[in-house]
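**Student:** One structure is given below, represented as structure tokens, and several questions about it will come after.
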Amino acid sequence: MPAPLIGERWLGDDVDTRWVALAAIAWLVVGAALLVAYTRRTRPAWTLAVVAGLHAAALYMVPVLLSGTATPRYAVAPAMLVVTALVALLQPAGSRVPLYALTALLALVAAVNLRVDNTRADGPLWSDELDRARTACATTDQATVPITPRDQTPPWQVRVPCDYVR
């Protein structure tokens with residue numbers, strides 16, 4: 001729940017006091033949305049909010065239960081459904097302030113978390129690998145050359161025809 005409302009960059013990987021405090025803020029946002037909807041300050045679409053919330057919970061729990069690990073990439077669809085549920089709760093009945101406040105929070109979180117570091121970004125640059133492939137094509141008479149996006153054992157490779165890189 002905290003990641004769509006706070007973001008991976010601010011949450012971090014370690015569950016510590018800071019993480020718990022930020023998660024509490026995320027839950028307070030959800031609680032505030034429910035309170036505003038319950039007190040009829042908005043015109044909530046309850047059916048959509050409940051269905052989206054239940055689907056978010058199910059879509060998050062199934063991969064976690066099957067793999068035993070809470071992997072961020074499996075939280076994307078549930079995060080979108082959480083946002084859908086919150087927007088459904090905050091449909092304006094008069095004042096649009098609650099919906100605009102959620103929009104501002106989500107825009108800030110999206111801007112801060114636009115690019116989050118991960119181990120998949122540790123490989124060599126694609127442009128450098130293409131330069132190596134061009135050199136290999138120019139110095140040998142091979143029809144294809146391997147391009148290695150990461151140094152792995154066994155290596156991940158893409159075989160590219162020399163006609164494409166010249």
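Chains: A, B, ... in order of the structure tokens. Residues: from 1 per chain. Ligands: from 1, in order shown.
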Please report, as a PyMOL selection string, each residue of chain A to which DSSP assigns strand (DSSP E) when run on this structure's backbone.

**Tutor:** chain A and resi 144-150+156-161

**Student:** Kindly provide the residues of region 47-131 of chain A that approach region 158-162 of chain A to within 12 Å, each paired with its closest atom pair and their distance in Å to one decimal, based on only C-alpha atoms, listed by chain and increasing number, as a tab-separated table.

**Tutor:**
residue	atom	partner	partner_atom	distance
A:Trp126	CA	A:Val158	CA	11.3
A:Glu129	CA	A:Val158	CA	10.6
A:Leu130	CA	A:Val160	CA	9.5
A:Asp131	CA	A:Cys162	CA	11.6

**Student:** Return as a PyMOL selection string the full set of residues in region 79-161 of chain A whose backbone-based DSSP assignment is helix (DSSP H, G or I).

**Tutor:** chain A and resi 79-89+97-112+119-121+126-139

**Student:** Restrict the calculation to only C-alpha atoms, then for each residue of region 53-129 of chain A with any atom at most 6 Å from an atom of region 1-15 of chain A give the closest atom pair and their distance in Å to one decimal, rows by chain and rising residue number, as JSON lines.

**Tutor:**
{"residue": "A:Ala79", "atom": "CA", "partner": "A:Pro4", "partner_atom": "CA", "distance": 5.1}
{"residue": "A:Val109", "atom": "CA", "partner": "A:Gly7", "partner_atom": "CA", "distance": 5.8}
{"residue": "A:Asn113", "atom": "CA", "partner": "A:Arg9", "partner_atom": "CA", "distance": 5.9}

**Student:** So, counting only C-alpha atoms, which residue among A:Ala85, A:Leu99, A:Ala70, A:Ala32 is closest to Leu48 (chain A)?

**Tutor:**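 Closest to Leu48 (chain A) of all the choices is A:Ala85.
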